[in-house]
>>> print(open('model08.pdb').read())   # PDB, C-alpha atoms
ATOM      1  CA  MET A   1     101.224 103.330  69.081
ATOM      2  CA  LYS A   2     100.632 105.685  71.972
ATOM      3  CA  ASP A   3     102.735 108.792  72.501
ATOM      4  CA  LEU A   4     104.736 108.584  75.739
ATOM      5  CA  ILE A   5     106.240 111.565  77.530
ATOM      6  CA  ILE A   6     108.486 111.063  80.548
ATOM      7  CA  ILE A   7     108.239 113.631  83.320
ATOM      8  CA  GLY A   8     111.625 114.174  84.913
ATOM      9  CA  ALA A   9     114.983 113.977  83.150
ATOM     10  CA  GLY A  10     117.089 112.604  85.995
ATOM     11  CA  GLY A  11     118.053 109.042  86.862
ATOM     12  CA  PHE A  12     114.536 107.706  87.331
ATOM     13  CA  GLY A  13     113.413 109.400  84.128
ATOM     14  CA  LYS A  14     116.157 107.564  82.270
ATOM     15  CA  GLU A  15     115.009 104.326  83.925
ATOM     16  CA  ALA A  16     111.496 104.985  82.638
ATOM     17  CA  LEU A  17     112.879 105.416  79.135
ATOM     18  CA  VAL A  18     114.787 102.130  79.313
ATOM     19  CA  ILE A  19     111.734 100.262  80.614
ATOM     20  CA  ALA A  20     109.530 101.663  77.829
ATOM     21  CA  GLN A  21     112.095 100.671  75.207
ATOM     22  CA  GLU A  22     112.339  97.151  76.652
ATOM     23  CA  MET A  23     108.542  96.871  76.564
ATOM     24  CA  ASN A  24     108.597  97.896  72.902
ATOM     25  CA  LYS A  25     110.932  95.017  72.041
ATOM     26  CA  ASN A  26     108.208  92.496  72.917
ATOM     27  CA  ASN A  27     105.156  94.514  71.978
ATOM     28  CA  PRO A  28     105.659  97.869  70.243
ATOM     29  CA  GLN A  29     103.280 100.233  71.992
ATOM     30  CA  TRP A  30     105.090 103.432  72.971
ATOM     31  CA  ASN A  31     106.140 106.223  70.662
ATOM     32  CA  ILE A  32     108.531 107.978  73.030
ATOM     33  CA  LEU A  33     108.506 111.739  72.455
ATOM     34  CA  GLY A  34     111.020 112.831  75.082
ATOM     35  CA  PHE A  35     111.245 114.387  78.519
ATOM     36  CA  LEU A  36     109.621 117.224  80.443
ATOM     37  CA  ASP A  37     111.825 118.959  82.981
ATOM     38  CA  ASP A  38     111.823 122.342  84.705
ATOM     39  CA  THR A  39     115.575 122.433  85.374
ATOM     40  CA  LYS A  40     116.990 121.860  81.878
ATOM     41  CA  PRO A  41     116.600 123.985  78.738
ATOM     42  CA  ILE A  42     114.252 122.678  76.058
ATOM     43  CA  ASN A  43     116.018 120.522  73.450
ATOM     44  CA  THR A  44     118.707 119.363  75.885
ATOM     45  CA  GLU A  45     119.822 115.835  75.013
ATOM     46  CA  ILE A  46     119.183 113.587  78.029
ATOM     47  CA  PHE A  47     119.720 109.920  77.158
ATOM     48  CA  ARG A  48     119.847 107.645  74.115
ATOM     49  CA  GLY A  49     119.222 110.562  71.799
ATOM     50  CA  PHE A  50     116.018 111.713  73.526
ATOM     51  CA  ARG A  51     115.673 115.353  74.511
ATOM     52  CA  THR A  52     113.642 117.664  76.680
ATOM     53  CA  ILE A  53     110.584 118.812  74.781
ATOM     54  CA  GLY A  54     109.065 121.191  77.322
ATOM     55  CA  THR A  55     108.611 122.079  80.974
ATOM     56  CA  ILE A  56     106.489 120.312  83.554
ATOM     57  CA  LYS A  57     104.723 123.451  84.730
ATOM     58  CA  ASP A  58     103.686 124.650  81.268
ATOM     59  CA  TRP A  59     102.867 121.435  79.375
ATOM     60  CA  GLU A  60      99.306 120.954  78.173
ATOM     61  CA  PRO A  61      98.426 117.262  77.571
ATOM     62  CA  SER A  62      96.720 116.155  74.375
ATOM     63  CA  ASN A  63      94.460 113.169  73.735
ATOM     64  CA  ASN A  64      96.998 110.623  72.477
ATOM     65  CA  GLN A  65      99.671 111.452  75.063
ATOM     66  CA  TYR A  66     100.467 109.247  78.022
ATOM     67  CA  PHE A  67     102.769 110.267  80.858
ATOM     68  CA  SER A  68     105.207 108.417  83.098
ATOM     69  CA  ILE A  69     106.588 110.194  86.160
ATOM     70  CA  GLY A  70     110.275 109.333  86.396
ATOM     71  CA  ILE A  71     110.988 111.020  89.719
ATOM     72  CA  SER A  72     111.972 109.361  92.993
ATOM     73  CA  ASN A  73     110.738 112.003  95.449
ATOM     74  CA  PRO A  74     107.259 110.930  96.639
ATOM     75  CA  GLN A  75     105.988 114.421  97.429
ATOM     76  CA  ALA A  76     107.110 115.736  94.034
ATOM     77  CA  LYS A  77     105.382 112.804  92.333
ATOM     78  CA  GLU A  78     102.110 113.620  94.065
ATOM     79  CA  THR A  79     102.301 117.302  93.098
ATOM     80  CA  ILE A  80     103.030 116.505  89.448
ATOM     81  CA  TYR A  81     100.441 113.732  89.248
ATOM     82  CA  ASN A  82      97.726 116.008  90.591
ATOM     83  CA  LEU A  83      98.788 118.855  88.285
ATOM     84  CA  PHE A  84      98.537 116.645  85.188
ATOM     85  CA  LYS A  85      95.441 114.780  86.382
ATOM     86  CA  ASN A  86      93.633 118.081  86.744
ATOM     87  CA  LYS A  87      94.590 118.855  83.132
ATOM     88  CA  GLY A  88      92.994 115.611  81.978
ATOM     89  CA  ALA A  89      96.247 113.713  81.375
ATOM     90  CA  GLN A  90      96.430 109.964  80.845
ATOM     91  CA  PHE A  91      99.141 107.984  82.620
ATOM     92  CA  ALA A  92     101.191 104.946  81.645
ATOM     93  CA  THR A  93     102.173 102.132  83.978
ATOM     94  CA  LEU A  94     105.568 100.910  82.763
ATOM     95  CA  VAL A  95     106.763  97.440  83.767
ATOM     96  CA  LEU A  96     110.115  95.963  82.775
ATOM     97  CA  PRO A  97     109.364  92.675  80.958
ATOM     98  CA  THR A  98     111.822  90.768  83.182
ATOM     99  CA  ALA A  99     109.910  91.697  86.348
ATOM    100  CA  PHE A 100     108.062  88.799  87.980
ATOM    101  CA  ILE A 101     104.531  89.927  88.739
ATOM    102  CA  PRO A 102     101.679  87.445  89.353
ATOM    103  CA  THR A 103      98.533  88.117  87.369
ATOM    104  CA  GLU A 104      96.561  88.749  90.585
ATOM    105  CA  THR A 105      98.734  91.741  91.495
ATOM    106  CA  ILE A 106      96.817  95.014  91.661
ATOM    107  CA  LEU A 107      98.645  97.949  90.111
ATOM    108  CA  GLY A 108      97.466 101.541  90.203
ATOM    109  CA  GLU A 109      97.970 103.913  87.303
ATOM    110  CA  CYS A 110     101.275 105.628  86.600
ATOM    111  CA  CYS A 111     103.394 102.972  88.334
ATOM    112  CA  LEU A 112     107.018 102.457  87.291
ATOM    113  CA  ILE A 113     108.412  98.974  87.906
ATOM    114  CA  GLY A 114     111.938  97.841  87.184
ATOM    115  CA  HIS A 115     113.528  94.424  87.709
ATOM    116  CA  ALA A 116     111.316  93.524  90.666
ATOM    117  CA  TRP A 117     110.050  90.248  92.090
ATOM    118  CA  PHE A 118     106.520  90.205  93.495
ATOM    119  CA  GLY A 119     105.023  87.432  95.566
ATOM    120  CA  VAL A 120     101.295  86.944  96.038
ATOM    121  CA  ASP A 121      98.790  89.485  97.365
ATOM    122  CA  VAL A 122     100.649  92.650  96.397
ATOM    123  CA  ILE A 123      98.687  95.869  95.950
ATOM    124  CA  LEU A 124     100.255  99.071  94.629
ATOM    125  CA  GLY A 125      98.517 102.426  94.678
ATOM    126  CA  ASN A 126      98.856 105.120  92.045
ATOM    127  CA  CYS A 127     102.265 106.381  90.948
ATOM    128  CA  VAL A 128     104.269 103.851  92.958
ATOM    129  CA  THR A 129     107.888 103.407  91.878
ATOM    130  CA  VAL A 130     109.502 100.014  92.443
ATOM    131  CA  MET A 131     113.055  99.367  91.313
ATOM    132  CA  SER A 132     114.902  96.058  91.916
ATOM    133  CA  SER A 133     112.877  95.098  94.974
ATOM    134  CA  MET A 134     111.351  91.923  96.408
ATOM    135  CA  ILE A 135     107.788  92.428  97.633
ATOM    136  CA  GLY A 136     105.367  89.868  98.994
ATOM    137  CA  GLU A 137     101.911  90.128 100.606
ATOM    138  CA  ALA A 138     102.292  93.881 100.886
ATOM    139  CA  THR A 139     100.210  96.973 100.278
ATOM    140  CA  ILE A 140     102.026 100.092  99.131
ATOM    141  CA  GLY A 141     100.266 103.446  99.127
ATOM    142  CA  ASP A 142     100.087 106.133  96.470
ATOM    143  CA  PHE A 143     103.315 107.888  95.418
ATOM    144  CA  ALA A 144     105.628 105.629  97.412
ATOM    145  CA  THR A 145     109.127 104.827  96.123
ATOM    146  CA  THR A 146     111.150 101.700  96.831
ATOM    147  CA  THR A 147     114.722 101.736  95.557
ATOM    148  CA  GLY A 148     117.299  99.104  94.651
ATOM    149  CA  PHE A 149     117.336  95.716  96.380
ATOM    150  CA  SER A 150     114.856  96.594  99.114
ATOM    151  CA  ASN A 151     112.798  93.752 100.574
ATOM    152  CA  ILE A 152     109.237  94.233 101.811
ATOM    153  CA  ALA A 153     107.379  91.262 103.249
ATOM    154  CA  GLY A 154     103.815  91.354 104.526
ATOM    155  CA  ALA A 155     103.947  95.060 105.345
ATOM    156  CA  ILE A 156     101.636  98.003 104.819
ATOM    157  CA  LEU A 157     103.229 101.176 103.503
ATOM    158  CA  GLY A 158     101.307 104.438 103.567
ATOM    159  CA  LYS A 159     101.288 107.228 101.036
ATOM    160  CA  ARG A 160     104.495 108.985  99.972
ATOM    161  CA  VAL A 161     106.786 106.523 101.760
ATOM    162  CA  PHE A 162     110.403 106.355 100.613
ATOM    163  CA  VAL A 163     112.377 103.130 101.071
ATOM    164  CA  GLY A 164     116.135 103.392 100.605
ATOM    165  CA  SER A 165     118.228 100.797  98.824
ATOM    166  CA  GLN A 166     118.796  97.428 100.530
ATOM    167  CA  ALA A 167     116.338  98.251 103.315
ATOM    168  CA  VAL A 168     114.318  95.363 104.750
ATOM    169  CA  ILE A 169     110.820  95.752 106.211
ATOM    170  CA  LEU A 170     109.753  92.710 108.196
ATOM    171  CA  ASN A 171     106.419  90.958 108.123
ATOM    172  CA  GLY A 172     103.405  92.658 109.649
ATOM    173  CA  LYS A 173     104.917  96.125 110.025
ATOM    174  CA  THR A 174     103.060  99.335 109.177
ATOM    175  CA  ILE A 175     104.921 102.312 107.744
ATOM    176  CA  GLY A 176     103.054 105.595 108.159
ATOM    177  CA  ASP A 177     102.449 108.211 105.485
ATOM    178  CA  ASP A 178     105.494 110.327 104.515
ATOM    179  CA  ALA A 179     107.945 108.115 106.391
ATOM    180  CA  LYS A 180     111.482 107.550 105.111
ATOM    181  CA  ILE A 181     113.409 104.311 105.548
ATOM    182  CA  GLY A 182     117.159 104.835 105.286
ATOM    183  CA  ALA A 183     119.348 102.715 103.030
ATOM    184  CA  GLY A 184     120.326  99.380 104.523
ATOM    185  CA  SER A 185     117.906  99.666 107.451
ATOM    186  CA  ILE A 186     116.163  96.676 109.025
ATOM    187  CA  VAL A 187     112.664  97.665 110.131
ATOM    188  CA  ILE A 188     111.444  95.446 112.979
ATOM    189  CA  ARG A 189     108.732  97.719 114.392
ATOM    190  CA  ASN A 190     106.060 100.055 113.042
ATOM    191  CA  VAL A 191     107.194 103.450 111.774
ATOM    192  CA  LYS A 192     105.209 106.567 112.642
ATOM    193  CA  PRO A 193     103.991 108.923 109.895
ATOM    194  CA  GLY A 194     106.427 111.617 108.837
ATOM    195  CA  THR A 195     109.459 110.125 110.553
ATOM    196  CA  THR A 196     112.831 108.995 109.237
ATOM    197  CA  VAL A 197     114.367 105.777 110.527
ATOM    198  CA  PHE A 198     117.806 104.330 109.952
ATOM    199  CA  GLY A 199     119.990 101.482 111.145
ATOM    200  CA  ASN A 200     119.803  97.848 112.245
ATOM    201  CA  PRO A 201     117.405  97.736 113.907
ATOM    202  CA  ALA A 202     115.946 100.898 112.377
ATOM    203  CA  LYS A 203     115.510 103.761 114.833
ATOM    204  CA  GLU A 204     114.041 107.226 114.454
ATOM    205  CA  ILE A 205     116.590 109.933 113.675
TER     206      ILE A 205
END
>>> encode(input="model08.pdb", output="structure tokens")
Amino acid sequence: MKDLIIIGAGGFGKEALVIAQEMNKNNPQWNILGFLDDTKPINTEIFRGFRTIGTIKDWEPSNNQYFSIGISNPQAKETIYNLFKNKGAQFATLVLPTAFIPTETILGECCLIGHAWFGVDVILGNCVTVMSSMIGEATIGDFATTTGFSNIAGAILGKRVFVGSQAVILNGKTIGDDAKIGAGSIVIRNVKPGTTVFGNPAKEI
């Protein structure tokens, strides 16, 4: 089995733990060591008996260790990914066994996928987080996060995009790098890089 360390001890870190445990039920592969977090003391119990084992900023990866980034903030994910990549870390892509993902789907490294449904022609970059979302014929850039019950159809999302829960992005739309889509928004037009949109139809705020 491979040693797995989860970076981030908040809600998404706990989700990563659950997904890894569910994967182990079908095919034991992860020896989960615990969490890294800079905001909680070492040896703090986090979830299901697992504890913090160190800090993000000080951890030095070893050969048999794999890392999952359980953090929702896209910019923080990029910073942490680059920090650990430069230290030679290996990353795990964790996929909940109940997710529907066609074999042709292209997944980057360090992705975290919950109870999602993917259609055809989906491409995810590195360190993309997808919770209970429906995605079809879409390309999602590095470090993006889509949260609960969002729906993305035939769209292109840039790097570090954040999609709030129950947001809908309609076919053919392009979402620029670092954009944020507010919860419950309906996106009917392209979204410029670095902007935040909200509402139905979604408008810049």
>>> resolve_selection(input="model08.pdb", expression="the PyMOL selection byres ((chain A and resi 107) around 8)", output="ChimeraX atom specification")
/A:105-106,108-109,111,123-126
>>> atom_distance(input="model08.pdb", atom1="atom CA of A:Phe91", atom2="atom CA of A:Phe67")
4.6 Å
>>> resolve_selection(input="model08.pdb", expression="the PyMOL selection byres ((chain A and resi 121) around 12)", output="number ranges by chain")
A: 101-107, 118-120, 122-124, 135-140, 153-156
>>> resolve_selection(input="model08.pdb", expression="the PyMOL selection byres ((chain A and resi 41) around 9)", output="NGL selection string")
:A and (37-40 or 42-44 or 52-55)
>>> residues_around(input="model08.pdb", residues="A:Val161", least_positions_apart="6", cutoff="12 Å", atoms="all atoms listed in the file", output="PyMOL selection string")
chain A and resi 72-75+77-78+125+127-130+139-147+174-182+191-197
>>> write_last_selection(input="model08.pdb", atoms="C-alpha atoms", output="mmCIF file, keeping the file's coordinate frame")
data_model
loop_
_atom_site.group_PDB
_atom_site.id
_atom_site.type_symbol
_atom_site.label_atom_id
_atom_site.label_comp_id
_atom_site.auth_asym_id
_atom_site.auth_seq_id
_atom_site.Cartn_x
_atom_site.Cartn_y
_atom_site.Cartn_z
ATOM 1 C CA SER A 72 111.972 109.361 92.993
ATOM 2 C CA ASN A 73 110.738 112.003 95.449
ATOM 3 C CA PRO A 74 107.259 110.930 96.639
ATOM 4 C CA GLN A 75 105.988 114.421 97.429
ATOM 5 C CA LYS A 77 105.382 112.804 92.333
ATOM 6 C CA GLU A 78 102.110 113.620 94.065
ATOM 7 C CA GLY A 125 98.517 102.426 94.678
ATOM 8 C CA CYS A 127 102.265 106.381 90.948
ATOM 9 C CA VAL A 128 104.269 103.851 92.958
ATOM 10 C CA THR A 129 107.888 103.407 91.878
ATOM 11 C CA VAL A 130 109.502 100.014 92.443
ATOM 12 C CA THR A 139 100.210 96.973 100.278
ATOM 13 C CA ILE A 140 102.026 100.092 99.131
ATOM 14 C CA GLY A 141 100.266 103.446 99.127
ATOM 15 C CA ASP A 142 100.087 106.133 96.470
ATOM 16 C CA PHE A 143 103.315 107.888 95.418
ATOM 17 C CA ALA A 144 105.628 105.629 97.412
ATOM 18 C CA THR A 145 109.127 104.827 96.123
ATOM 19 C CA THR A 146 111.150 101.700 96.831
ATOM 20 C CA THR A 147 114.722 101.736 95.557
ATOM 21 C CA THR A 174 103.060 99.335 109.177
ATOM 22 C CA ILE A 175 104.921 102.312 107.744
ATOM 23 C CA GLY A 176 103.054 105.595 108.159
ATOM 24 C CA ASP A 177 102.449 108.211 105.485
ATOM 25 C CA ASP A 178 105.494 110.327 104.515
ATOM 26 C CA ALA A 179 107.945 108.115 106.391
ATOM 27 C CA LYS A 180 111.482 107.550 105.111
ATOM 28 C CA ILE A 181 113.409 104.311 105.548
ATOM 29 C CA GLY A 182 117.159 104.835 105.286
ATOM 30 C CA VAL A 191 107.194 103.450 111.774
ATOM 31 C CA LYS A 192 105.209 106.567 112.642
ATOM 32 C CA PRO A 193 103.991 108.923 109.895
ATOM 33 C CA GLY A 194 106.427 111.617 108.837
ATOM 34 C CA THR A 195 109.459 110.125 110.553
ATOM 35 C CA THR A 196 112.831 108.995 109.237
ATOM 36 C CA VAL A 197 114.367 105.777 110.527
#
>>> closest_residue(input="model08.pdb", among="A:Ile71, A:Ala76, A:Gly11, A:Leu96", to="A:Asn27", atoms="all atoms listed in the file")
A:Leu96
>>> closest_residue(input="model08.pdb", among="A:Asn26, A:Ser185, A:Asn171, A:Asn82", to="A:Phe149", atoms="all atoms listed in the file")
A:Ser185
